[in-house]
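Colleague: What follows is the file start_29.json, containing JSON, C-alpha atoms:
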[["chain", "number", "residue", "atom", "x", "y", "z"],
["A", 1, "MET", "CA", -9.80, 68.56, 10.64],
["A", 2, "LYS", "CA", -11.06, 68.32, 14.20],
["A", 3, "LEU", "CA", -10.01, 66.19, 17.12],
["A", 4, "ARG", "CA", -12.87, 64.15, 18.47],
["A", 5, "ALA", "CA", -12.81, 63.47, 22.19],
["A", 6, "LEU", "CA", -15.07, 61.13, 24.09],
["A", 7, "PRO", "CA", -17.04, 62.82, 26.88],
["A", 8, "ALA", "CA", -15.14, 60.85, 29.51],
["A", 9, "LEU", "CA", -11.69, 61.82, 28.20],
["A", 10, "ALA", "CA", -9.63, 64.79, 29.26],
["A", 11, "GLY", "CA", -6.98, 65.44, 26.63],
["A", 12, "VAL", "CA", -4.99, 62.28, 26.18],
["A", 13, "ALA", "CA", -5.40, 61.17, 29.79],
["A", 14, "LEU", "CA", -7.77, 58.23, 29.50],
["A", 15, "LEU", "CA", -9.47, 57.82, 32.85],
["A", 16, "ALA", "CA", -11.00, 54.59, 34.08],
["A", 17, "LEU", "CA", -14.78, 54.90, 33.78],
["A", 18, "GLY", "CA", -15.53, 52.17, 36.27],
["A", 19, "LEU", "CA", -18.11, 50.55, 34.05],
["A", 20, "ALA", "CA", -18.52, 46.80, 34.03],
["A", 21, "ALA", "CA", -19.58, 46.72, 30.40],
["A", 22, "CYS", "CA", -18.64, 43.83, 28.14],
["A", 23, "SER", "CA", -18.27, 41.30, 30.96],
["A", 24, "GLY", "CA", -15.56, 43.20, 32.85],
["A", 25, "ALA", "CA", -11.88, 42.48, 33.04],
["A", 26, "ALA", "CA", -11.92, 38.68, 33.41],
["A", 27, "ASP", "CA", -8.63, 37.47, 35.04],
["A", 28, "ALA", "CA", -6.72, 40.39, 33.51],
["A", 29, "THR", "CA", -5.57, 41.70, 36.85],
["A", 30, "SER", "CA", -3.88, 38.48, 38.00],
["A", 31, "THR", "CA", -0.46, 39.28, 39.37],
["A", 32, "PRO", "CA", 2.69, 37.21, 39.76],
["A", 33, "GLY", "CA", 2.42, 35.14, 42.88],
["A", 34, "SER", "CA", -1.36, 34.72, 42.72],
["A", 35, "ASP", "CA", -2.92, 31.27, 42.37],
["A", 36, "GLU", "CA", -3.89, 32.05, 38.78],
["A", 37, "SER", "CA", -0.28, 32.84, 37.89],
["A", 38, "SER", "CA", 0.80, 29.26, 38.31],
["A", 39, "SER", "CA", -2.44, 27.45, 37.49],
["A", 40, "ALA", "CA", -1.38, 26.11, 34.08],
["A", 41, "ALA", "CA", 0.88, 23.08, 33.90],
["A", 42, "GLY", "CA", 4.31, 24.58, 33.41],
["A", 43, "GLY", "CA", 2.71, 27.94, 32.64],
["A", 44, "PHE", "CA", 4.22, 28.19, 29.12],
["A", 45, "ALA", "CA", 2.59, 28.07, 25.69],
["A", 46, "VAL", "CA", 5.25, 25.61, 24.44],
["A", 47, "ASP", "CA", 7.89, 24.79, 27.04],
["A", 48, "GLU", "CA", 10.04, 26.37, 29.75],
["A", 49, "ASN", "CA", 12.77, 27.33, 27.29],
["A", 50, "THR", "CA", 10.50, 29.17, 24.87],
["A", 51, "LEU", "CA", 8.32, 32.27, 24.86],
["A", 52, "VAL", "CA", 5.77, 32.66, 22.08],
["A", 53, "PHE", "CA", 5.29, 36.28, 20.98],
["A", 54, "GLY", "CA", 2.06, 37.33, 19.29],
["A", 55, "VAL", "CA", 1.33, 40.56, 17.43],
["A", 56, "VAL", "CA", -1.81, 42.01, 15.90],
["A", 57, "PRO", "CA", -1.14, 41.63, 12.15],
["A", 58, "ASP", "CA", -1.46, 45.32, 11.24],
["A", 59, "SER", "CA", 0.67, 45.30, 8.10],
["A", 60, "VAL", "CA", 2.72, 43.07, 5.83],
["A", 61, "ASP", "CA", 5.87, 44.15, 7.73],
["A", 62, "THR", "CA", 4.63, 43.27, 11.22],
["A", 63, "GLU", "CA", 7.08, 40.45, 11.97],
["A", 64, "THR", "CA", 10.11, 42.31, 10.57],
["A", 65, "ASN", "CA", 9.25, 45.50, 12.46],
["A", 66, "TYR", "CA", 8.90, 43.71, 15.80],
["A", 67, "GLN", "CA", 11.95, 41.44, 15.50],
["A", 68, "PRO", "CA", 14.21, 43.70, 17.62],
["A", 69, "LEU", "CA", 11.65, 43.70, 20.43],
["A", 70, "MET", "CA", 11.45, 39.91, 20.29],
["A", 71, "ASP", "CA", 15.26, 39.73, 20.39],
["A", 72, "TYR", "CA", 15.25, 42.04, 23.41],
["A", 73, "ILE", "CA", 12.72, 39.84, 25.21],
["A", 74, "ALA", "CA", 15.00, 36.88, 24.54],
["A", 75, "GLU", "CA", 17.91, 38.85, 26.00],
["A", 76, "ILE", "CA", 16.16, 39.78, 29.26],
["A", 77, "THR", "CA", 14.54, 36.40, 29.86],
["A", 78, "GLY", "CA", 17.16, 33.99, 28.55],
["A", 79, "LYS", "CA", 14.46, 32.23, 26.54],
["A", 80, "THR", "CA", 14.09, 31.50, 22.84],
["A", 81, "VAL", "CA", 11.37, 33.79, 21.48],
["A", 82, "GLU", "CA", 9.20, 32.46, 18.67],
["A", 83, "TYR", "CA", 6.94, 34.64, 16.54],
["A", 84, "HIS", "CA", 3.30, 33.56, 16.47],
["A", 85, "GLU", "CA", 1.90, 34.12, 12.98],
["A", 86, "SER", "CA", -1.72, 35.30, 13.17],
["A", 87, "THR", "CA", -3.75, 35.55, 9.99],
["A", 88, "ASP", "CA", -6.11, 38.08, 11.55],
["A", 89, "TYR", "CA", -7.19, 39.59, 14.87],
["A", 90, "ALA", "CA", -9.60, 36.76, 15.64],
["A", 91, "ALA", "CA", -6.82, 34.20, 15.26],
["A", 92, "LEU", "CA", -4.62, 36.05, 17.76],
["A", 93, "ILE", "CA", -7.51, 36.30, 20.22],
["A", 94, "GLU", "CA", -8.19, 32.57, 19.82],
["A", 95, "ALA", "CA", -4.52, 31.79, 20.42],
["A", 96, "ALA", "CA", -4.49, 33.90, 23.59],
["A", 97, "VAL", "CA", -7.65, 32.26, 24.92],
["A", 98, "ALA", "CA", -6.12, 28.83, 24.22],
["A", 99, "GLY", "CA", -2.92, 29.78, 26.08],
["A", 100, "LYS", "CA", -0.79, 29.59, 22.94],
["A", 101, "VAL", "CA", 1.00, 32.93, 23.40],
["A", 102, "ASP", "CA", 3.21, 34.00, 26.31],
["A", 103, "VAL", "CA", 3.84, 37.64, 25.43],
["A", 104, "ALA", "CA", 2.02, 39.83, 22.94],
["A", 105, "SER", "CA", 1.51, 43.28, 21.50],
["A", 106, "PHE", "CA", -2.26, 43.67, 21.29],
["A", 107, "SER", "CA", -4.58, 46.49, 20.36],
["A", 108, "GLY", "CA", -6.71, 47.71, 23.25],
["A", 109, "PHE", "CA", -9.91, 46.24, 21.80],
["A", 110, "THR", "CA", -8.20, 42.91, 21.08],
["A", 111, "TYR", "CA", -6.99, 42.78, 24.68],
["A", 112, "VAL", "CA", -10.47, 43.47, 26.06],
["A", 113, "THR", "CA", -12.05, 40.92, 23.71],
["A", 114, "ALA", "CA", -9.48, 38.26, 24.59],
["A", 115, "THR", "CA", -9.87, 38.70, 28.36],
["A", 116, "ASN", "CA", -13.66, 38.78, 28.05],
["A", 117, "ASN", "CA", -13.39, 35.34, 26.47],
["A", 118, "GLY", "CA", -11.17, 33.88, 29.15],
["A", 119, "ALA", "CA", -7.61, 34.74, 28.12],
["A", 120, "LYS", "CA", -5.41, 35.12, 31.19],
["A", 121, "LEU", "CA", -3.42, 38.22, 30.31],
["A", 122, "THR", "CA", -1.86, 41.05, 32.29],
["A", 123, "PRO", "CA", -0.89, 44.40, 30.70],
["A", 124, "ILE", "CA", 2.64, 45.64, 31.32],
["A", 125, "SER", "CA", 2.97, 48.81, 29.29],
["A", 126, "SER", "CA", 2.01, 50.57, 26.10],
["A", 127, "ILE", "CA", 4.36, 51.35, 23.24],
["A", 128, "VAL", "CA", 4.82, 54.98, 22.21],
["A", 129, "THR", "CA", 6.48, 55.87, 18.93],
["A", 130, "ASP", "CA", 7.78, 59.42, 19.55],
["A", 131, "GLU", "CA", 9.78, 61.16, 22.25],
["A", 132, "GLY", "CA", 7.59, 62.87, 24.84],
["A", 133, "GLN", "CA", 4.49, 61.03, 23.68],
["A", 134, "GLU", "CA", 1.99, 59.51, 26.09],
["A", 135, "PRO", "CA", 0.30, 56.17, 25.34],
["A", 136, "GLY", "CA", -2.37, 56.51, 22.69],
["A", 137, "TYR", "CA", -2.61, 57.00, 18.95],
["A", 138, "PHE", "CA", -5.14, 58.22, 16.40],
["A", 139, "SER", "CA", -7.90, 56.44, 14.58],
["A", 140, "GLN", "CA", -8.21, 58.48, 11.40],
["A", 141, "ALA", "CA", -11.12, 58.86, 9.01],
["A", 142, "ILE", "CA", -9.69, 59.04, 5.49],
["A", 143, "VAL", "CA", -10.86, 59.77, 1.95],
["A", 144, "PRO", "CA", -9.09, 59.83, -1.43],
["A", 145, "LYS", "CA", -6.86, 62.90, -1.66],
["A", 146, "ASP", "CA", -9.00, 64.50, -4.40],
["A", 147, "SER", "CA", -12.34, 63.79, -2.66],
["A", 148, "ASP", "CA", -14.70, 66.61, -1.73],
["A", 149, "ILE", "CA", -15.94, 64.67, 1.34],
["A", 150, "SER", "CA", -15.15, 66.75, 4.40],
["A", 151, "SER", "CA", -16.86, 65.10, 7.38],
["A", 152, "ILE", "CA", -17.87, 61.73, 8.77],
["A", 153, "GLU", "CA", -21.50, 62.75, 8.26],
["A", 154, "ASP", "CA", -20.79, 62.41, 4.52],
["A", 155, "PHE", "CA", -19.93, 58.71, 4.94],
["A", 156, "LYS", "CA", -23.62, 57.74, 4.88],
["A", 157, "GLY", "CA", -24.41, 55.52, 1.90],
["A", 158, "LYS", "CA", -20.72, 55.02, 1.08],
["A", 159, "LYS", "CA", -18.53, 51.93, 0.79],
["A", 160, "VAL", "CA", -16.50, 52.25, 3.99],
["A", 161, "CYS", "CA", -13.21, 50.47, 4.64],
["A", 162, "PHE", "CA", -12.69, 49.17, 8.15],
["A", 163, "VAL", "CA", -9.67, 47.12, 9.20],
["A", 164, "ASP", "CA", -11.02, 44.17, 11.19],
["A", 165, "PRO", "CA", -14.05, 43.63, 13.45],
["A", 166, "SER", "CA", -11.67, 43.39, 16.43],
["A", 167, "SER", "CA", -9.55, 46.44, 15.56],
["A", 168, "THR", "CA", -9.60, 49.33, 18.05],
["A", 169, "SER", "CA", -8.75, 52.17, 15.66],
["A", 170, "GLY", "CA", -9.96, 50.37, 12.56],
["A", 171, "TYR", "CA", -13.45, 49.42, 13.72],
["A", 172, "LEU", "CA", -14.54, 50.01, 17.34],
["A", 173, "PHE", "CA", -13.84, 53.74, 17.56],
["A", 174, "PRO", "CA", -14.92, 54.38, 13.95],
["A", 175, "SER", "CA", -18.23, 52.63, 14.70],
["A", 176, "TYR", "CA", -18.72, 54.86, 17.74],
["A", 177, "ASN", "CA", -17.96, 57.98, 15.71],
["A", 178, "LEU", "CA", -20.34, 56.94, 12.94],
["A", 179, "LEU", "CA", -23.11, 56.44, 15.50],
["A", 180, "GLU", "CA", -22.35, 59.86, 16.95],
["A", 181, "ALA", "CA", -22.77, 61.26, 13.44],
["A", 182, "GLY", "CA", -26.18, 59.61, 13.11],
["A", 183, "ILE", "CA", -24.95, 56.78, 10.88],
["A", 184, "ASP", "CA", -25.65, 53.13, 11.67],
["A", 185, "PRO", "CA", -22.40, 51.28, 10.78],
["A", 186, "LYS", "CA", -24.38, 48.13, 9.97],
["A", 187, "THR", "CA", -27.22, 49.51, 7.82],
["A", 188, "ASP", "CA", -26.38, 53.03, 6.61],
["A", 189, "ILE", "CA", -23.11, 52.15, 4.88],
["A", 190, "THR", "CA", -21.54, 49.26, 2.98],
["A", 191, "PRO", "CA", -18.77, 47.95, 5.28],
["A", 192, "VAL", "CA", -15.61, 46.48, 3.75],
["A", 193, "PHE", "CA", -13.06, 44.75, 6.00],
["A", 194, "ALA", "CA", -9.57, 45.21, 4.59],
["A", 195, "GLY", "CA", -7.82, 42.95, 7.14],
["A", 196, "LYS", "CA", -4.86, 45.25, 7.79],
["A", 197, "HIS", "CA", -4.42, 48.99, 8.31],
["A", 198, "ASP", "CA", -2.15, 49.44, 5.32],
["A", 199, "VAL", "CA", -4.62, 47.63, 3.08],
["A", 200, "SER", "CA", -7.46, 49.85, 4.30],
["A", 201, "VAL", "CA", -5.40, 52.91, 3.39],
["A", 202, "GLN", "CA", -4.56, 51.44, -0.01],
["A", 203, "LYS", "CA", -8.17, 50.60, -0.86],
["A", 204, "VAL", "CA", -9.40, 54.05, 0.12],
["A", 205, "GLY", "CA", -6.66, 55.66, -1.95],
["A", 206, "GLU", "CA", -7.73, 53.61, -4.96],
["A", 207, "GLY", "CA", -11.36, 54.62, -4.43],
["A", 208, "VAL", "CA", -12.86, 51.48, -5.98],
["A", 209, "GLU", "CA", -13.67, 48.91, -3.29],
["A", 210, "CYS", "CA", -13.84, 51.66, -0.67],
["A", 211, "GLU", "CA", -14.89, 55.27, -1.14],
["A", 212, "VAL", "CA", -13.87, 56.27, 2.40],
["A", 213, "GLY", "CA", -12.48, 54.47, 5.43],
["A", 214, "PHE", "CA", -10.55, 54.28, 8.68],
["A", 215, "ALA", "CA", -7.03, 53.30, 9.75],
["A", 216, "GLU", "CA", -4.42, 54.09, 12.39],
["A", 217, "ASP", "CA", -2.28, 57.19, 11.93],
["A", 218, "SER", "CA", 1.05, 55.38, 11.51],
["A", 219, "GLU", "CA", -0.15, 53.70, 8.32],
["A", 220, "VAL", "CA", -2.09, 56.70, 7.00],
["A", 221, "GLU", "CA", 0.96, 58.95, 7.13],
["A", 222, "LYS", "CA", 2.82, 56.62, 4.74],
["A", 223, "SER", "CA", 0.34, 57.31, 1.92],
["A", 224, "ASP", "CA", 0.01, 60.33, -0.35],
["A", 225, "ALA", "CA", -3.16, 58.91, -1.93],
["A", 226, "VAL", "CA", -5.47, 59.76, 0.99],
["A", 227, "LYS", "CA", -6.24, 62.69, 3.26],
["A", 228, "VAL", "CA", -7.50, 62.81, 6.85],
["A", 229, "ILE", "CA", -10.86, 64.45, 7.51],
["A", 230, "ASP", "CA", -11.28, 63.45, 11.18],
["A", 231, "GLU", "CA", -9.38, 61.68, 13.96],
["A", 232, "THR", "CA", -9.88, 60.30, 17.45],
["A", 233, "MET", "CA", -7.33, 59.51, 20.13],
["A", 234, "VAL", "CA", -7.59, 55.89, 21.30],
["A", 235, "PRO", "CA", -5.89, 54.08, 24.20],
["A", 236, "GLY", "CA", -2.36, 52.91, 23.54],
["A", 237, "ALA", "CA", -1.85, 49.29, 22.50],
["A", 238, "PRO", "CA", -0.69, 47.11, 25.41],
["A", 239, "LEU", "CA", 2.24, 44.78, 25.75],
["A", 240, "VAL", "CA", 0.84, 41.87, 27.75],
["A", 241, "TYR", "CA", 2.08, 38.64, 29.28],
["A", 242, "SER", "CA", 0.28, 35.43, 30.11],
["A", 243, "SER", "CA", -0.76, 35.41, 33.77],
["A", 244, "THR", "CA", 0.06, 31.69, 33.86],
["A", 245, "LEU", "CA", 3.80, 32.26, 33.43],
["A", 246, "PRO", "CA", 6.02, 31.43, 36.43],
["A", 247, "ASP", "CA", 6.76, 34.31, 38.79],
["A", 248, "ASP", "CA", 10.43, 34.63, 37.88],
["A", 249, "VAL", "CA", 9.66, 34.94, 34.16],
["A", 250, "SER", "CA", 6.81, 37.38, 34.79],
["A", 251, "LYS", "CA", 9.09, 39.57, 36.89],
["A", 252, "LYS", "CA", 11.74, 39.68, 34.15],
["A", 253, "LEU", "CA", 9.11, 40.73, 31.61],
["A", 254, "ILE", "CA", 7.67, 43.41, 33.89],
["A", 255, "ASP", "CA", 11.10, 44.79, 34.85],
["A", 256, "GLY", "CA", 12.31, 44.68, 31.26],
["A", 257, "LEU", "CA", 9.26, 46.03, 29.43],
["A", 258, "ALA", "CA", 7.47, 48.40, 31.81],
["A", 259, "GLU", "CA", 9.48, 51.50, 31.01],
["A", 260, "ILE", "CA", 12.24, 51.26, 28.42],
["A", 261, "THR", "CA", 13.41, 53.28, 25.44],
["A", 262, "ILE", "CA", 14.76, 52.35, 22.05],
["A", 263, "ASP", "CA", 18.17, 53.48, 23.32],
["A", 264, "ASP", "CA", 18.00, 50.83, 26.05],
["A", 265, "ILE", "CA", 17.32, 48.17, 23.43],
["A", 266, "ILE", "CA", 20.14, 49.42, 21.20],
["A", 267, "ALA", "CA", 22.49, 49.48, 24.24],
["A", 268, "ALA", "CA", 21.59, 45.84, 24.90],
["A", 269, "GLY", "CA", 23.26, 45.05, 21.56],
["A", 270, "ILE", "CA", 20.11, 44.09, 19.69],
["A", 271, "ASP", "CA", 20.74, 43.95, 15.95],
["A", 272, "GLY", "CA", 18.15, 45.80, 13.91],
["A", 273, "ALA", "CA", 16.99, 48.09, 16.74],
["A", 274, "ASP", "CA", 18.71, 51.16, 15.30],
["A", 275, "THR", "CA", 16.69, 51.11, 12.07],
["A", 276, "ASP", "CA", 13.88, 53.13, 10.51],
["A", 277, "ALA", "CA", 11.66, 50.05, 10.46],
["A", 278, "PHE", "CA", 11.86, 49.54, 14.22],
["A", 279, "ARG", "CA", 11.70, 53.26, 14.98],
["A", 280, "SER", "CA", 8.43, 53.40, 13.04],
["A", 281, "VAL", "CA", 6.79, 51.12, 15.63],
["A", 282, "PHE", "CA", 8.82, 51.74, 18.81],
["A", 283, "TYR", "CA", 10.35, 54.62, 20.75],
["A", 284, "ALA", "CA", 9.59, 53.72, 24.38],
["A", 285, "THR", "CA", 7.09, 52.06, 26.70],
["A", 286, "LYS", "CA", 4.96, 53.58, 29.46],
["A", 287, "PRO", "CA", 3.29, 51.49, 32.19],
["A", 288, "VAL", "CA", -0.47, 50.85, 31.88],
["A", 289, "ASP", "CA", -2.89, 48.64, 33.79],
["A", 290, "ASP", "CA", -6.19, 46.93, 33.10],
["A", 291, "ALA", "CA", -8.26, 49.93, 34.26],
["A", 292, "TYR", "CA", -6.69, 52.03, 31.49],
["A", 293, "TYR", "CA", -8.83, 50.05, 29.03],
["A", 294, "ASP", "CA", -12.16, 50.72, 30.77],
["A", 295, "VAL", "CA", -12.78, 53.42, 28.17],
["A", 296, "ILE", "CA", -12.88, 50.65, 25.55],
["A", 297, "ARG", "CA", -15.38, 48.73, 27.66],
["A", 298, "ASP", "CA", -17.52, 51.88, 27.72],
["A", 299, "ILE", "CA", -17.36, 52.16, 23.92],
["A", 300, "CYS", "CA", -18.33, 48.49, 23.76],
["A", 301, "LYS", "CA", -21.45, 49.34, 25.71],
["A", 302, "GLU", "CA", -22.26, 52.31, 23.48],
["A", 303, "THR", "CA", -21.76, 50.46, 20.20],
["A", 304, "GLU", "CA", -23.06, 47.06, 21.35],
["A", 305, "ALA", "CA", -20.21, 45.55, 19.33],
["A", 306, "GLU", "CA", -20.54, 41.77, 19.08],
["A", 307, "GLN", "CA", -16.78, 41.34, 19.54],
["A", 308, "CYS", "CA", -17.03, 42.72, 23.08],
["A", 309, "LYS", "CA", -19.24, 39.91, 24.27],
["A", 310, "ALA", "CA", -17.94, 36.77, 25.88]]
Could you show the structure in this file as structure tokens?

Modeller:
Amino acid sequence: MKLRALPALAGVALLALGLAACSGAADATSTPGSDESSSAAGGFAVDENTLVFGVVPDSVDTETNYQPLMDYIAEITGKTVEYHESTDYAALIEAAVAGKVDVASFSGFTYVTATNNGAKLTPISSIVTDEGQEPGYFSQAIVPKDSDISSIEDFKGKKVCFVDPSSTSGYLFPSYNLLEAGIDPKTDITPVFAGKHDVSVQKVGEGVECEVGFAEDSEVEKSDAVKVIDETMVPGAPLVYSSTLPDDVSKKLIDGLAEITIDDIIAAGIDGADTDAFRSVFYATKPVDDAYYDVIRDICKETEAEQCKA
């Protein structure tokens, strides 16, 4: 198993490439106090007493896993936090563009796609899941555990499981890696969109609908039915807030979410934080900004992915 690295990456430090691909950053850099920050009437998705929290629907346990974080956001802001149920990535993007979410945990690609299409979002930080970890996680190429396939080059002509057309680790980076291997992800394979990372892993393990596929590392490691034959580090998923929120609320979110640990959340008395379910998705946050996601805009340019376009 080898670690792929994009030419513009040095280890896990993802440097801004300065490319204006995929329409640029669109309003993503609005800061509290700017005109954009208070442009919406009231600035809230619902009302001044409520914050709507959206999450990329990566698995069947998404809402349960993120409940302690939502409870913590309620604690630091004094607002009621409501979970926004998204059926897929496109639905979450649509909700963000329509101003129907106040805070969210996006994937990097989803964030870029949403801002390209007019969503007014500002990144705060990226979640890391292990002590000492920097933002970023792995997109893994997987095959059934008894398969003799050993490289991405062998994916040509196969039924390939992706997660969602707007998934960073489940589509964008896999598409780039397939192109690098001389495989057109639209014509040289049969693409299958599983909808969620855990479902992609399941289908590959079964070896019927999908002979090979891609998913993020946190879901792959839960399965003993697949094995990893390649992996790529991708930018860490951002926690974002709506740039239309009032300054005082934005400041509470920034101060409370920019750099915290699971111990801070437990110390705040949040029920459910000290559990395996929450620890599987959260250890700490590290600050990131819009430029951190320029590498995704570069991959958009290389792959000409439709989802990148406004």

Colleague: If we count all atoms listed in the file, what is near region 267-269 of chain A at a cut-off of 12 Å, once residues fewer than 3 positions away on the same chain are taken out, given as a ChimeraX atom specification?

Modeller: /A:68-69,71-76,256,260-264,272-274

Colleague: Between CA of Lys100 (chain A) and CA of Asn116 (chain A), what is the distance in Å, rounded to a tenth?

Modeller: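 For CA of Lys100 (chain A) relative to CA of Asn116 (chain A), the distance reads 16.6 Å.
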
Colleague: To one decimal place, how far is CA of Glu259 (chain A) from CA of Lys286 (chain A) in Å?

Modeller: 5.2 Å

Colleague: Please report the interatomic distance between CA of Lys252 (chain A) and CA of Val295 (chain A) in Å with one decimal.

Modeller: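 Distance reported for this atom pair: 28.7 Å.
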
Colleague: For a quick check of understanding, using all atoms listed in the file, which of A:Ala90, A:Val240, A:Ala305, A:Val226 has the smallest distance to Lys145 (chain A)?

Modeller: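 Of A:Ala90, A:Val240, A:Ala305, A:Val226, the one nearest Lys145 (chain A) is A:Val226, counting all atoms listed in the file.
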